[in-house]
Structure formats: structure tokens, C-alpha cells
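Worksheet: the structure to be examined is printed underneath.
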Amino acid sequence: MADMNKMVNEITSMDEDFAKWYTDICKKAQLIEYTSVKGCMVIRPYGYAIWENIQRILDGMFKETGHENVCMPMFIPESLLQKEKDHVEGFAPEVAWVTYGGSEKLEERLCVRPTSETLFCEHFKNILQSYRDLPFKYNQWVSVVRWEKTTRPFLRSREFLWQEGHTLHATREEAVEETLQMLDVYARFCSECLAIPVVKGRKTESDKFAGAEATYAIEALMHDGKALQAGTSHFFGDGFCRAFDIQFSDKDNKRQFPFQTSWGMTTRLIGAIIMTHGDDNGLVLPPAVAPIQAVIVPVQQKKEGVLDKAFELCDTLKKAGIRAKVDDTDNSPGWKFAEYEMKGVPVRIEIGPRDIQNNSCVVVTRLNREKNFVAISDIVETVEQKLAEVRDQMYQKALENRENHTYNCSSLEEIVSTLEEKGDGFVKAYWCGDEACEDAVKEKTGVGSRCIDGNVTPTDDKVCVCCGKKAEHLVYWGKAY
RNA sequence: CGGGGUGUGGCGAAGUUUGGUAUCGCGCUUGGUUCGGUACCAAGAGGCCUCGGGUUCGAACCCCGACACUCCGACCA
């Protein structure tokens, strides 16, 4: 039997210290490296490749739903940022400023975009004339800067990569529909491609985006029972358009304010993948975004024919569209097994002289270490099947974890005792809609509102978990990242 | 931004109490033997002890300050 202790030594166990486990994985799986600027990290090739896969798939979904990519500048003049009152109040505390260009002191300082609503507004105002121009359905893949106080790899960095969609519509209904459609796209992406089950819902007033009329979010439950907001979709009404005086001529040649949305997902998704699927041996990557889907480990690779066979196998897989790689380094097979396990590669293929003699190879899945002896002629089919299976099993596992850590509670005392007894998780409890109660719940139980369950309209007998008055909403509460 | 913890070759640490010019393991380089769960032997390379001041004949060690990482809160993708 292998020395299991040695294998797990590299990474702090989740139960011992979840936060340390997380940063261990980020560093040891070579996803990131710190830099000399606090909160700014290098996303290394292996981490960036995950992001590239996320980008590729999401970008395809955006295009399918009729969006085009654009690129806004990174600087926003102070006066532009200040046009929408709630927006500037929300973002001002974490904005980074540029006051010099070379040796020239700027007449007006420029903010490094924390988000690009104002830039899009300025642009929309310039290009919009007629209802025939609408809708504008734009997206951009850029980085933004928010000067956070506390930083953590992927979860909260001062500069982060994201996509931000910005759309403009002639009618309120169409904009609302867009907002919800993109929320669905996000939810579908998380569940199908990342194997992360999410809760969809609207944010409470106190928690919505600065300047939005309504904010919708998808929330995922991490392995430690804390919630992570994985994506947001905002409906702005015509608030920004009024603030920026964006108008168009309708069919009757009357001037109208259009309606606007924005939506975003970030490199935080990589953090979500780590904390949803990872285990004490390291990363477990969803096949759809894994940079390497199948790693081929030759055994006794110096024996004649072994490496040739390994590369031949690799080519076959690549031709079938599977991201495959042969590790022909001098490291021992055992070392390679552990290494790719830590890096979360979904499928490992072992091939040595014995296999070659039998015209077979060994296929091992990362998630459960299940071993299969497979005929070389069946390799493509088998790997494809394993990748699909793994995605389903990962989703099921995450779903079970979430269900085991979702609690229906009807009193503050019950929330406190349940969390104490069963650990952190989602608390489902009714709420009257009063902000004072929302604050009180957070104050007394430690969990804040994550989102409102839009599928449930409380019946007359349901009462607020805090004040006992008639409930307006069923709310998911939780501790958040 | 408040409260803790940490900072010593690439990584992880010992040394700091009781100042005297740096030690160990892993990794790295070269050569050889290995190879089905992180192999082994031999020979090497690599450190202004985070940075800046101070005390001292002398500072990794004592004093002051800065910065970074990290954890727990408050705020946030």
C-alpha cells in the first residue's frame, strides 16, 4: 500500500484548516503566484488555461444569445463616474485613481475602472439615435480594479479578470427579459460546465448593485458551508439613462429613455471550482474547463516502444478533441500520479510494457480513483464516457453537499442552534421585507441574506423569522465569501 | 479598517529567550542505476536571514518604523 500520509502531506487537510487548504492548492497546483503589489497576483499558465476555457465556453453562449464583444478604455474621468449618485457612492471607497500622466499633472483625475457602466453610458449616448438602433447587446472581457482591504487569490484580488455584459433596450420588458436570460445562462454554465449547482435569486435592496433597480445573483455553497456569489445580472431600469441623458426617438418620433442591463462573471469562478470540488489530494477539475483532460503516464518509459505507444495514444485522443498530454519527464510514475491528482486532471491513463503486450491501458478517474483496464482500441470512447460521467458525479456530489447543508428554519434561535450543530450552510427562512429585520438576522445569527427565492410566494400563514409579521419572501441566508 | 500570527537559498523549517558572521529536509544541476502510487547512489550550485533606520567592537537575534503574506471581524465579484 502506498504511503498515503506522504501523499497528502503537501496540502493542509480541509478539515484542519480550510483557508490554508485553499491557498495551498492555489500555490501548489501552480494556479497563481503572488507579486510585490498586495492583492495583485500572477495567474500562471495552468490557472490561466482554466480561465481561457471558461472564456471560450461563456463567450460562445453570449454569441449564441446575440451579443457582440467590444472593448472600453480602462480610465474613467471623475466627472463621468459621478453622474449616477448611487453608483459613485457604492464604488468610490474602492476606486484607484490616476493623477499623473508621465510628468503632467492631470486637470481631472482618472479612475481605473472598477466596472464600466459609466463608460458604456457615455458611449451609448454617442451612438444611439433611433429605436431602430436598439437593442445594443455588448460584452467585454477585461480586467477591473477595486482596492479591496482584504485580499485572497481568485476570491478577492485588487485587480481581477471578468466579463461584463452591457445592454440597452427600447422597453422595460425586454431589458428585464435580458437580465433574467443572462442569469439563466450563468446558472446553466455553472451547472453544466463547472458541475456547480447554484441557487438563483434576487438580491435584497441593501445588497443590490450600486445604481441598479434590481440585482439577480447565482449563489453556490462551498465545501466549508460558506456561500459564494458566482455571477450577477442587473436590471437598471432607466436610471442610468436618465442620469446620462441617453435617449432615442421612438416610432412616433417621441424622445424616450431606453432600459439597461449589465451582468458579470469573474475569475472568482476558479475559486468556486476549487472550493466546490477540491479534496485533500488537491484540485478536482470539471472536465469541460480542465486544461488537461487526460494525462498519459508511461511506465518504464525507457523500454522500447513505451513512449511511442504513449504518444500514439495521445494523438488519437487529440484527434477526437480531447485535451491530452504525455508526461515523459524523468519523474517516477508514482510522482506523476500524485502530481496530476493534485492538479485535478480528470482522467489518467497508465501505459507500460505489460499493457502494450495486452494491447490495453489503465484508465483512472481523479474523482474516485476508479481503475479500469481498457483495450487501446476503445480508448477514445472510454475517455469520453468517463469525462461525461465525472461531470455528473461531481455535480451530484456537490448537490448532495449543498442539500445536507441547507436548513429550513423558523426562528432566530433555530438558526443559531442549527448552524452550531450542523455547521455553516444555507439557511432558508421567511422574511417580511423590512431592512431592519434583515440587519437583525445578520446581527443575531451571523448569516446575511444571499438572495430571495423567486419560485416561492409565501402563503398567508408564513411569518418573518425575525419580527413575526407576515412574510413577503423566502430568503436564502448564509455566511459569504 | 480593527485584532492576532508570520517573514531565514525555489519550498518547508531550526536558530532569536542568553548578539560572535547561517543549519537541516525537500527541490535544483551533473553522471549513473531505477520505473504499475510521490525511487536511489555519488558529486555540485545556490542565502546582503523582507526592507529602512537605530543600539553595539560586532545584529537573523535587541529597539523603532515600513511593507508583504495570513487568520478572525466589518465592507465587497
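Chain identifiers are assigned as A, B, and so on, following the order in which chains appear in the C-alpha cells; residues are numbered from 1 within each chain, and ligands are numbered from 1 in order of appearance.
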Give me, as a short mmCIF file (atom, residue, chain, number, x, y, z; two decimals) with C-alpha atoms (C1' of nucleotides), in the first residue's frame, all polymer residues having an atom no more than 12 Å from A66 of chain B, counting only C-alpha atoms (C1' of nucleotides) and skipping those fewer than 5 positions away in the same chain.
data_model
loop_
_atom_site.label_atom_id
_atom_site.label_comp_id
_atom_site.auth_asym_id
_atom_site.auth_seq_id
_atom_site.Cartn_x
_atom_site.Cartn_y
_atom_site.Cartn_z
"C1'" U B 50 11.53 41.06 3.79
"C1'" C B 51 13.05 46.33 3.60
"C1'" G B 52 14.68 51.09 6.19
"C1'" G B 53 16.63 53.28 10.47
#
How close does chain A get to chain B? List, as a Markdown table, each residue of chain A within 9 Å, its nearest atom pair and the distance in Å to one decimal, counting only C-alpha atoms (C1' of nucleotides).
| residue | atom | partner | partner_atom | distance |
| --- | --- | --- | --- | --- |
| A:Met1 | CA | B:G37 | C1' | 8.0 |
| A:Ala2 | CA | B:G37 | C1' | 5.5 |
| A:Asp3 | CA | B:G37 | C1' | 8.0 |
| A:Met4 | CA | B:G37 | C1' | 8.6 |
| A:Lys6 | CA | B:U38 | C1' | 7.6 |
| A:Met7 | CA | B:U38 | C1' | 6.5 |
| A:Ala19 | CA | B:C71 | C1' | 8.3 |
| A:Lys20 | CA | B:U70 | C1' | 8.7 |
| A:Tyr34 | CA | B:C69 | C1' | 8.9 |
| A:Ser36 | CA | B:A68 | C1' | 7.4 |
| A:Val37 | CA | B:A68 | C1' | 8.2 |
| A:Lys38 | CA | B:A68 | C1' | 6.9 |
| A:Glu94 | CA | B:C76 | C1' | 8.8 |
| A:Arg146 | CA | B:C76 | C1' | 9.0 |
| A:Glu148 | CA | B:C76 | C1' | 7.3 |
| A:Lys149 | CA | B:C1 | C1' | 7.6 |
| A:Leu155 | CA | B:A77 | C1' | 7.8 |
| A:Arg156 | CA | B:A77 | C1' | 7.5 |
| A:Phe160 | CA | B:A77 | C1' | 8.7 |
| A:Trp162 | CA | B:A77 | C1' | 8.7 |
| A:Gln229 | CA | B:A77 | C1' | 7.3 |
| A:Ala230 | CA | B:A77 | C1' | 7.6 |
| A:Gly231 | CA | B:A77 | C1' | 7.5 |
| A:Thr232 | CA | B:A77 | C1' | 8.4 |
| A:Gly264 | CA | B:A77 | C1' | 8.1 |
| A:Met265 | CA | B:A77 | C1' | 7.3 |
| A:Thr266 | CA | B:A77 | C1' | 6.4 |
| A:Thr267 | CA | B:A77 | C1' | 8.6 |
| A:Arg268 | CA | B:A77 | C1' | 6.9 |
| A:Val299 | CA | B:C35 | C1' | 6.2 |
| A:Gln300 | CA | B:C35 | C1' | 4.9 |
| A:Gln301 | CA | B:C35 | C1' | 7.7 |
| A:Lys302 | CA | B:C35 | C1' | 8.8 |
| A:Asn331 | CA | B:C35 | C1' | 8.7 |
| A:Ser332 | CA | B:C35 | C1' | 5.8 |
| A:Pro333 | CA | B:C35 | C1' | 6.5 |
| A:Gly334 | CA | B:G37 | C1' | 4.6 |
| A:Trp335 | CA | B:U38 | C1' | 3.6 |
| A:Lys336 | CA | B:U38 | C1' | 7.1 |
| A:Phe337 | CA | B:G37 | C1' | 6.6 |
| A:Ala338 | CA | B:U38 | C1' | 5.9 |
| A:Glu339 | CA | B:U38 | C1' | 7.7 |
| A:Glu350 | CA | B:G36 | C1' | 8.0 |
| A:Ile351 | CA | B:G36 | C1' | 8.7 |
| A:Gly352 | CA | B:G36 | C1' | 7.6 |
| A:Arg354 | CA | B:G36 | C1' | 8.9 |
Within 10 Å of G15 of chain B using only C-alpha atoms (C1' of nucleotides), minus same-chain residues under 6 positions, as JSON, numbers by chain: {"B": [8, 22, 23, 60, 61]}
Selection: 10 Å around segment 213-218 of chain A, only C-alpha atoms (C1' of nucleotides), excl. self and same-chain fewer than 5 positions, as a PyMOL selection string: chain A and resi 176+179-180+182-184+186-187+190+197-205+207-208+228-239+260-264+450-452
12 Å contact set for A45 of chain B, only C-alpha atoms (C1' of nucleotides), chain neighbours under 6 positions out, as a ChimeraX atom specification: /B:9,28-30
Distance in Å - atom C1' of U17 of chain B versus atom C1' of G47 of chain B: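 Interatomic distance here is 24.9 Å.
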Can you tell me, as a PDB file with N, CA and C atoms (P, O5', C5', C4', C3', O3' and C1' of nucleotides), in the first residue's frame, what residues are no more than 12 Å from A59 of chain B when counting only C-alpha atoms (C1' of nucleotides), ignoring any on the same chain fewer than 6 positions away?
ATOM      1  P     U B  16      17.513  30.394  19.843  1.00  0.00           P
ATOM      2  O5'   U B  16      17.366  31.901  19.362  1.00  0.00           O
ATOM      3  C5'   U B  16      18.473  32.793  19.377  1.00  0.00           C
ATOM      4  C4'   U B  16      17.984  34.201  19.183  1.00  0.00           C
ATOM      5  C3'   U B  16      16.966  34.657  20.224  1.00  0.00           C
ATOM      6  O3'   U B  16      17.299  35.959  20.672  1.00  0.00           O
ATOM      7  C1'   U B  16      16.054  34.853  18.039  1.00  0.00           C
ATOM      8  P     G B  19      22.506  37.992  24.542  1.00  0.00           P
ATOM      9  O5'   G B  19      22.657  37.975  22.982  1.00  0.00           O
ATOM     10  C5'   G B  19      23.461  36.938  22.401  1.00  0.00           C
ATOM     11  C4'   G B  19      23.370  37.117  20.917  1.00  0.00           C
ATOM     12  C3'   G B  19      24.717  36.850  20.303  1.00  0.00           C
ATOM     13  O3'   G B  19      24.530  36.206  19.061  1.00  0.00           O
ATOM     14  C1'   G B  19      24.083  39.138  19.980  1.00  0.00           C
ATOM     15  P     G B  20      25.282  34.826  18.813  1.00  0.00           P
ATOM     16  O5'   G B  20      26.673  35.314  18.240  1.00  0.00           O
ATOM     17  C5'   G B  20      26.741  35.960  16.978  1.00  0.00           C
ATOM     18  C4'   G B  20      28.179  36.079  16.515  1.00  0.00           C
ATOM     19  C3'   G B  20      28.987  34.795  16.574  1.00  0.00           C
ATOM     20  O3'   G B  20      29.812  34.794  15.419  1.00  0.00           O
ATOM     21  C1'   G B  20      30.041  36.454  17.897  1.00  0.00           C
ATOM     22  P     U B  21      30.321  33.462  14.734  1.00  0.00           P
ATOM     23  O5'   U B  21      30.564  33.797  13.186  1.00  0.00           O
ATOM     24  C5'   U B  21      29.774  33.153  12.244  1.00  0.00           C
ATOM     25  C4'   U B  21      29.013  34.219  11.501  1.00  0.00           C
ATOM     26  C3'   U B  21      29.230  34.151   9.970  1.00  0.00           C
ATOM     27  O3'   U B  21      28.259  33.301   9.414  1.00  0.00           O
ATOM     28  C1'   U B  21      29.246  36.415  10.824  1.00  0.00           C
ATOM     29  P     C B  49      21.146  39.325   5.221  1.00  0.00           P
ATOM     30  O5'   C B  49      20.100  38.141   5.025  1.00  0.00           O
ATOM     31  C5'   C B  49      18.733  38.398   4.698  1.00  0.00           C
ATOM     32  C4'   C B  49      17.897  37.323   5.343  1.00  0.00           C
ATOM     33  C3'   C B  49      17.095  37.820   6.526  1.00  0.00           C
ATOM     34  O3'   C B  49      15.766  37.352   6.393  1.00  0.00           O
ATOM     35  C1'   C B  49      18.445  35.989   7.182  1.00  0.00           C
TER      36        C B  49
END
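Nearest-residue note for Asp424 of chain A: choosing from A:Asn455, A:Thr445, A:Ser410, A:Asn53, the minimum distance belongs to A:Thr445, counting only C-alpha atoms.
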Test item, strand (DSSP E or B) assignment across segment 236-291 of chain A, answer as a list in words: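 Restricting segment 236-291 of chain A to strand (DSSP E or B) produces Phe236, Gly237, Phe248, Ser249, Arg255, Gln256, Phe259, Gln260, Thr261, Ser262, Trp263, Gly264, Met265, Thr266, Asp279 and Gly282 of chain A.
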Shell around G31 of chain B at 12 Å using only C-alpha atoms (C1' of nucleotides), local window under 4 positions removed, as a ChimeraX atom specification: /B:41-44
Length of the atom C1' of A74 of chain B to atom C1' of G3 of chain B vector [Å]: 11.8 Å
Two-atom distance - atom CA of Thr151 of chain A, atom CA of Tyr481 of chain A (Å):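 Calculated distance between atom CA of Thr151 of chain A and atom CA of Tyr481 of chain A is 10.9 Å.
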All helix (DSSP H, G or I) positions in segment 257-302 of chain A, as a list in words: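 Assigned to helix (DSSP H, G or I), within segment 257-302 of chain A: Arg268, Leu269, Ile270, Gly271, Ala272, Ile273, Ile274, Met275, Thr276 and His277 of chain A.
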Generate the output file for the selected residues, N, CA and C atoms, as a PDB file, in the first residue's frame.
ATOM      1  N   ARG A 268     -13.242  34.707 -10.101  1.00  0.00           N
ATOM      2  CA  ARG A 268     -13.673  34.090  -8.861  1.00  0.00           C
ATOM      3  C   ARG A 268     -14.217  32.682  -9.097  1.00  0.00           C
ATOM      4  N   LEU A 269     -14.730  32.462 -10.312  1.00  0.00           N
ATOM      5  CA  LEU A 269     -15.252  31.136 -10.645  1.00  0.00           C
ATOM      6  C   LEU A 269     -14.204  30.061 -10.385  1.00  0.00           C
ATOM      7  N   ILE A 270     -12.940  30.415 -10.596  1.00  0.00           N
ATOM      8  CA  ILE A 270     -11.881  29.430 -10.359  1.00  0.00           C
ATOM      9  C   ILE A 270     -11.831  29.090  -8.876  1.00  0.00           C
ATOM     10  N   GLY A 271     -12.019  30.101  -8.037  1.00  0.00           N
ATOM     11  CA  GLY A 271     -12.112  29.857  -6.591  1.00  0.00           C
ATOM     12  C   GLY A 271     -13.294  28.958  -6.275  1.00  0.00           C
ATOM     13  N   ALA A 272     -14.400  29.185  -6.969  1.00  0.00           N
ATOM     14  CA  ALA A 272     -15.601  28.370  -6.748  1.00  0.00           C
ATOM     15  C   ALA A 272     -15.340  26.915  -7.122  1.00  0.00           C
ATOM     16  N   ILE A 273     -14.630  26.723  -8.216  1.00  0.00           N
ATOM     17  CA  ILE A 273     -14.305  25.349  -8.642  1.00  0.00           C
ATOM     18  C   ILE A 273     -13.451  24.663  -7.570  1.00  0.00           C
ATOM     19  N   ILE A 274     -12.446  25.377  -7.096  1.00  0.00           N
ATOM     20  CA  ILE A 274     -11.554  24.805  -6.086  1.00  0.00           C
ATOM     21  C   ILE A 274     -12.338  24.408  -4.841  1.00  0.00           C
ATOM     22  N   MET A 275     -13.155  25.332  -4.343  1.00  0.00           N
ATOM     23  CA  MET A 275     -13.828  25.104  -3.057  1.00  0.00           C
ATOM     24  C   MET A 275     -15.083  24.250  -3.149  1.00  0.00           C
ATOM     25  N   THR A 276     -15.550  24.009  -4.371  1.00  0.00           N
ATOM     26  CA  THR A 276     -16.714  23.127  -4.517  1.00  0.00           C
ATOM     27  C   THR A 276     -16.255  21.678  -4.689  1.00  0.00           C
ATOM     28  N   HIS A 277     -15.227  21.497  -5.512  1.00  0.00           N
ATOM     29  CA  HIS A 277     -14.874  20.136  -5.907  1.00  0.00           C
ATOM     30  C   HIS A 277     -13.584  19.590  -5.284  1.00  0.00           C
TER      31      HIS A 277
END
Nearest to Val145 of chain A, chosen from A:Tyr100, A:Glu164, A:Cys40, A:Thr118, with only C-alpha atoms counted in the distances: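 Under the stated criterion, the closest residue is A:Cys40.
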